[in-house]
Amino acid sequence: MKTEFALDSNLSGNQKKPWYQRPRIFDQPAGFPELLAATVATLNTAVLHAPCVLASSLSAEDMVLFHLIAREQLPIHTFALDTERLPKATLTLWLDAEAHYGREIERINPVPDRLQALAAAQANSAIFESKTARELCCTVRKTEPLRRTLEGKAAWVTGLRKAQSAGRAQVPHQEWDAGFGLEKFNPLADWTDVALWYFIDRENIPVSKLYDKGYASIGCDPCTRPIRFDEHPRAGRWWWEAAAAANGSATECGIHVTHPSKANAESTQPIIKVTA
Ligand code: SF4
C-alpha cells in the first residue's frame, strides 16, 4: 500500500532533507520570447493535421498547453484520462481549469468490462508487487483508453520536455508516432523548468496544489509521492521499481514510447491481456 508522506518533520537522517519546491521565477529567462514564439508555431503546425487533440494529464506542462490553445483559439480538442485513481487535487484542478477557461476537458474513462476483468485478475495492491501487474493496470486504465481516443485523429499534442528525464532527452518537436499511428507534437520539448514556471506565474495559469507539497511529477494517487529536493523529478513515480529509482529513465507508463519508424509499430500494441 502507498505510504503516507508527512511534510512536517519529526524525522531523522536523510528524511530531514527538505522537500522539493517548485521554482518561483520572477525574471524573464533569456530567449523566452523566441521560445514561446516557436512553441506557438509548433501548435499552429499541429492544427494543420486535423483532427488534432491535446492529451492532458493536468500536469503543469499540459496546463501551459491548454492555456496557449485557449489564448490562440486553436482548434485543438482537449481530453484527459480519468484512470479512476487520480488524486483529489487533480480532480479539483480539472473542474477549476474548465471554469477558468470556459473550455471542456473531455473525460475519458476505462471500459467498465476491462476494469472488472482487471479487478478479477489482480488486487489493487498487486501493482506494488510486480511490474507486470503494474503495467497491466496502466494498460487497462491508460493505454487502452488513450488508443481508443486517438483512433481517427491525425495528430496529438503532448507536454513532453527534454529536461524531464534522460529518457526524454531526445524528444523532437514533431515525430511520427508509430505506436498510435498519427503525428505527435511536443511543443514544450525545449522548455526548461525555469521557463515553465516563469510562464505559469506570469500568466496565472492554474496548476495542481500538489506542486506546493513536494510533488514534481503527478500521476495516479497510488503511484505518485512527493520527493526530496535532491531527488530526480520523476523519482516520485513508481518509485518502488528499482530501475525507476536509479535514474528516472524507466519511469514511463507505456504511453510515450519512441519508435524510429512505422515498421515496429506492432511492438506498442498491448501485449498483456486480462483473462478473467
Ligand atoms: S499509474 Fe498506477 S494506478 Fe495509475 S494506471 Fe498505472 S499502475 Fe494503475
# chains A, B, ... in the order shown; residues from 1 in each chain; ligands from 1
call {"tool": "residues_near_ligand", "arguments": {"ligand": "ligand 1", "cutoff": "9 Å", "atoms": "only C-alpha atoms and all ligand atoms", "output": "compact mmCIF listing (two decimals) with N, CA and C atoms, in the first residue's frame"}}
result
# COMPACT_ATOMS: atom_id res chain seq x y z
N THR A 83 -8.31 7.80 -14.86
CA THR A 83 -7.97 6.41 -14.56
C THR A 83 -8.78 5.85 -13.40
N GLU A 84 -9.55 6.72 -12.76
CA GLU A 84 -10.31 6.39 -11.55
C GLU A 84 -9.37 6.10 -10.38
N ARG A 85 -8.14 6.58 -10.51
CA ARG A 85 -7.17 6.52 -9.42
C ARG A 85 -6.46 7.88 -9.27
N LEU A 86 -7.07 8.94 -9.78
CA LEU A 86 -6.40 10.24 -9.75
C LEU A 86 -6.47 10.87 -8.37
N ASN A 124 -5.76 -4.54 -6.06
CA ASN A 124 -5.18 -3.20 -6.27
C ASN A 124 -3.72 -3.15 -5.83
N ILE A 127 0.03 -3.95 -7.90
CA ILE A 127 0.93 -3.06 -8.67
C ILE A 127 2.23 -2.79 -7.93
N PHE A 128 2.22 -2.96 -6.60
CA PHE A 128 3.44 -2.73 -5.82
C PHE A 128 4.31 -3.98 -5.73
N LYS A 131 6.01 -5.74 -11.55
CA LYS A 131 5.98 -4.76 -12.64
C LYS A 131 4.94 -5.17 -13.69
N ALA A 133 2.13 -6.63 -13.12
CA ALA A 133 0.81 -6.22 -12.61
C ALA A 133 0.64 -4.71 -12.75
N ARG A 134 1.71 -3.97 -12.50
CA ARG A 134 1.63 -2.50 -12.63
C ARG A 134 1.36 -2.12 -14.08
N GLU A 135 2.06 -2.78 -14.99
CA GLU A 135 1.87 -2.46 -16.41
C GLU A 135 0.48 -2.86 -16.88
N LEU A 136 -0.05 -3.92 -16.33
CA LEU A 136 -1.41 -4.32 -16.68
C LEU A 136 -2.41 -3.25 -16.27
N CYS A 137 -2.22 -2.72 -15.06
CA CYS A 137 -3.09 -1.65 -14.57
C CYS A 137 -2.98 -0.43 -15.50
N CYS A 138 -1.75 -0.05 -15.87
CA CYS A 138 -1.56 1.09 -16.77
C CYS A 138 -2.17 0.82 -18.14
N THR A 139 -2.08 -0.41 -18.59
CA THR A 139 -2.66 -0.75 -19.90
C THR A 139 -4.16 -0.54 -19.90
N VAL A 140 -4.81 -1.07 -18.87
CA VAL A 140 -6.29 -1.00 -18.82
C VAL A 140 -6.77 0.41 -18.53
N ARG A 141 -6.08 1.11 -17.63
CA ARG A 141 -6.57 2.43 -17.20
C ARG A 141 -6.07 3.58 -18.08
N LYS A 142 -4.94 3.37 -18.77
CA LYS A 142 -4.37 4.47 -19.54
C LYS A 142 -4.24 4.15 -21.04
N THR A 143 -3.44 3.14 -21.34
CA THR A 143 -3.06 2.93 -22.74
C THR A 143 -4.26 2.56 -23.61
N GLY A 219 0.89 11.76 -11.15
CA GLY A 219 0.11 10.79 -11.91
C GLY A 219 -1.03 10.27 -11.05
N CYS A 220 -1.26 8.96 -11.09
CA CYS A 220 -2.30 8.37 -10.24
C CYS A 220 -1.88 8.46 -8.78
N ASP A 221 -2.88 8.53 -7.91
CA ASP A 221 -2.60 8.71 -6.49
C ASP A 221 -1.74 7.59 -5.88
N PRO A 222 -2.04 6.32 -6.16
CA PRO A 222 -1.22 5.28 -5.51
C PRO A 222 0.22 5.27 -6.00
N CYS A 223 0.47 5.83 -7.16
CA CYS A 223 1.78 5.69 -7.81
C CYS A 223 2.56 7.00 -7.85
N THR A 224 2.17 7.96 -7.03
CA THR A 224 2.83 9.26 -7.00
C THR A 224 3.15 9.63 -5.57
N ARG A 237 7.53 8.76 -9.12
CA ARG A 237 6.61 7.94 -9.93
C ARG A 237 7.11 6.49 -9.90
N TRP A 238 6.27 5.57 -9.48
CA TRP A 238 6.59 4.14 -9.45
C TRP A 238 7.96 3.91 -8.80
N CYS A 253 4.78 5.01 -18.33
CA CYS A 253 3.69 4.06 -18.19
C CYS A 253 3.43 3.30 -19.48
call {"tool": "residues_around", "arguments": {"residues": "region 50-52 of chain A", "least_positions_apart": "6", "cutoff": "7 Å", "atoms": "only C-alpha atoms", "output": "PyMOL selection string"}}
result
chain A and resi 76-77+153-156
call {"tool": "write_last_selection", "arguments": {"atoms": "N, CA and C atoms", "output": "PDB file, in the first residue's frame"}}
result
ATOM      1  N   ILE A  76      -7.973  22.728 -31.230  1.00  0.00           N
ATOM      2  CA  ILE A  76      -7.394  21.502 -30.653  1.00  0.00           C
ATOM      3  C   ILE A  76      -8.272  21.084 -29.482  1.00  0.00           C
ATOM      4  N   HIS A  77      -8.955  19.962 -29.653  1.00  0.00           N
ATOM      5  CA  HIS A  77      -9.819  19.447 -28.587  1.00  0.00           C
ATOM      6  C   HIS A  77      -8.949  18.824 -27.487  1.00  0.00           C
ATOM      7  N   LYS A 153      -7.831  10.183 -35.238  1.00  0.00           N
ATOM      8  CA  LYS A 153      -7.202  11.511 -35.136  1.00  0.00           C
ATOM      9  C   LYS A 153      -5.968  11.551 -36.049  1.00  0.00           C
ATOM     10  N   ALA A 154      -5.639  12.755 -36.495  1.00  0.00           N
ATOM     11  CA  ALA A 154      -4.475  12.916 -37.367  1.00  0.00           C
ATOM     12  C   ALA A 154      -3.229  13.301 -36.572  1.00  0.00           C
ATOM     13  N   ALA A 155      -3.426  13.936 -35.414  1.00  0.00           N
ATOM     14  CA  ALA A 155      -2.273  14.373 -34.612  1.00  0.00           C
ATOM     15  C   ALA A 155      -2.673  14.510 -33.155  1.00  0.00           C
ATOM     16  N   TRP A 156      -1.673  14.302 -32.279  1.00  0.00           N
ATOM     17  CA  TRP A 156      -1.898  14.612 -30.874  1.00  0.00           C
ATOM     18  C   TRP A 156      -0.753  15.442 -30.343  1.00  0.00           C
TER      19      TRP A 156
END
call {"tool": "select_by_dssp", "arguments": {"residues": "region 102-245 of chain A", "states": "strand (DSSP E)", "output": "number ranges by chain"}}
result
A: 106-108, 155-157, 174-177, 182-185
call {"tool": "write_last_selection", "arguments": {"atoms": "N, CA, C and O atoms", "output": "mmCIF file, in the first residue's frame"}}
result
data_model
loop_
_atom_site.group_PDB
_atom_site.id
_atom_site.type_symbol
_atom_site.label_atom_id
_atom_site.label_comp_id
_atom_site.auth_asym_id
_atom_site.auth_seq_id
_atom_site.Cartn_x
_atom_site.Cartn_y
_atom_site.Cartn_z
ATOM 1 N N GLU A 106 -12.401 16.897 -22.002
ATOM 2 C CA GLU A 106 -13.229 15.693 -22.083
ATOM 3 C C GLU A 106 -12.688 14.590 -21.170
ATOM 4 O O GLU A 106 -11.483 14.346 -21.126
ATOM 5 N N ARG A 107 -13.590 13.932 -20.468
ATOM 6 C CA ARG A 107 -13.218 12.869 -19.530
ATOM 7 C C ARG A 107 -13.267 11.520 -20.238
ATOM 8 O O ARG A 107 -14.297 11.131 -20.769
ATOM 9 N N ILE A 108 -12.150 10.831 -20.261
ATOM 10 C CA ILE A 108 -12.079 9.512 -20.894
ATOM 11 C C ILE A 108 -11.841 8.463 -19.803
ATOM 12 O O ILE A 108 -10.812 8.494 -19.113
ATOM 13 N N ALA A 155 -3.426 13.936 -35.414
ATOM 14 C CA ALA A 155 -2.273 14.373 -34.612
ATOM 15 C C ALA A 155 -2.673 14.510 -33.155
ATOM 16 O O ALA A 155 -3.846 14.755 -32.834
ATOM 17 N N TRP A 156 -1.673 14.302 -32.279
ATOM 18 C CA TRP A 156 -1.898 14.612 -30.874
ATOM 19 C C TRP A 156 -0.753 15.442 -30.343
ATOM 20 O O TRP A 156 0.363 15.399 -30.872
ATOM 21 N N VAL A 157 -1.084 16.232 -29.321
ATOM 22 C CA VAL A 157 -0.134 17.156 -28.705
ATOM 23 C C VAL A 157 0.125 16.681 -27.283
ATOM 24 O O VAL A 157 -0.813 16.313 -26.564
ATOM 25 N N GLN A 174 8.260 17.427 -33.421
ATOM 26 C CA GLN A 174 7.276 16.686 -34.209
ATOM 27 C C GLN A 174 7.857 15.333 -34.559
ATOM 28 O O GLN A 174 9.039 15.228 -34.889
ATOM 29 N N GLU A 175 7.038 14.295 -34.477
ATOM 30 C CA GLU A 175 7.500 12.957 -34.829
ATOM 31 C C GLU A 175 6.303 12.132 -35.270
ATOM 32 O O GLU A 175 5.160 12.438 -34.932
ATOM 33 N N TRP A 176 6.598 11.081 -36.012
ATOM 34 C CA TRP A 176 5.547 10.116 -36.350
ATOM 35 C C TRP A 176 5.427 9.137 -35.196
ATOM 36 O O TRP A 176 6.405 8.502 -34.804
ATOM 37 N N ASP A 177 4.239 9.042 -34.610
ATOM 38 C CA ASP A 177 4.008 8.112 -33.508
ATOM 39 C C ASP A 177 3.521 6.801 -34.105
ATOM 40 O O ASP A 177 2.331 6.635 -34.394
ATOM 41 N N LEU A 182 -0.234 8.155 -35.719
ATOM 42 C CA LEU A 182 -0.568 9.551 -36.058
ATOM 43 C C LEU A 182 0.616 10.454 -35.735
ATOM 44 O O LEU A 182 1.573 10.020 -35.091
ATOM 45 N N GLU A 183 0.556 11.707 -36.191
ATOM 46 C CA GLU A 183 1.625 12.649 -35.886
ATOM 47 C C GLU A 183 1.559 13.036 -34.408
ATOM 48 O O GLU A 183 0.469 13.153 -33.832
ATOM 49 N N LYS A 184 2.733 13.237 -33.836
ATOM 50 C CA LYS A 184 2.803 13.618 -32.415
ATOM 51 C C LYS A 184 3.605 14.912 -32.321
ATOM 52 O O LYS A 184 4.708 15.010 -32.887
ATOM 53 N N PHE A 185 3.055 15.882 -31.617
ATOM 54 C CA PHE A 185 3.717 17.176 -31.463
ATOM 55 C C PHE A 185 4.048 17.401 -29.987
ATOM 56 O O PHE A 185 3.204 17.187 -29.105
#
call {"tool": "closest_residue", "arguments": {"among": "A:Ile205, A:Glu241, A:Phe26, A:Ile200", "to": "Ser130 (chain A)", "atoms": "only C-alpha atoms"}}
result
A:Glu241
call {"tool": "select_by_dssp", "arguments": {"residues": "region 80-200 of chain A", "states": "helix (DSSP H, G or I)", "output": "number ranges by chain"}}
result
A: 88-101, 112-121, 124-128, 131-150, 162-164, 166-168, 193-200
call {"tool": "closest_residue", "arguments": {"among": "A:Thr39, A:Thr132, A:Asn204, A:Thr78", "to": "Ser56 (chain A)", "atoms": "only C-alpha atoms"}}
result
A:Thr78
call {"tool": "closest_residue", "arguments": {"among": "A:Ala60, A:Pro18, A:Pro145, A:Ala80", "to": "Pro112 (chain A)", "atoms": "only C-alpha atoms"}}
result
A:Pro145
call {"tool": "residues_around", "arguments": {"residues": "Ala70 (chain A)", "least_positions_apart": "5", "cutoff": "9 Å", "atoms": "only C-alpha atoms", "output": "list in words"}}
result
Leu65, Tyr101 and Arg103 of chain A
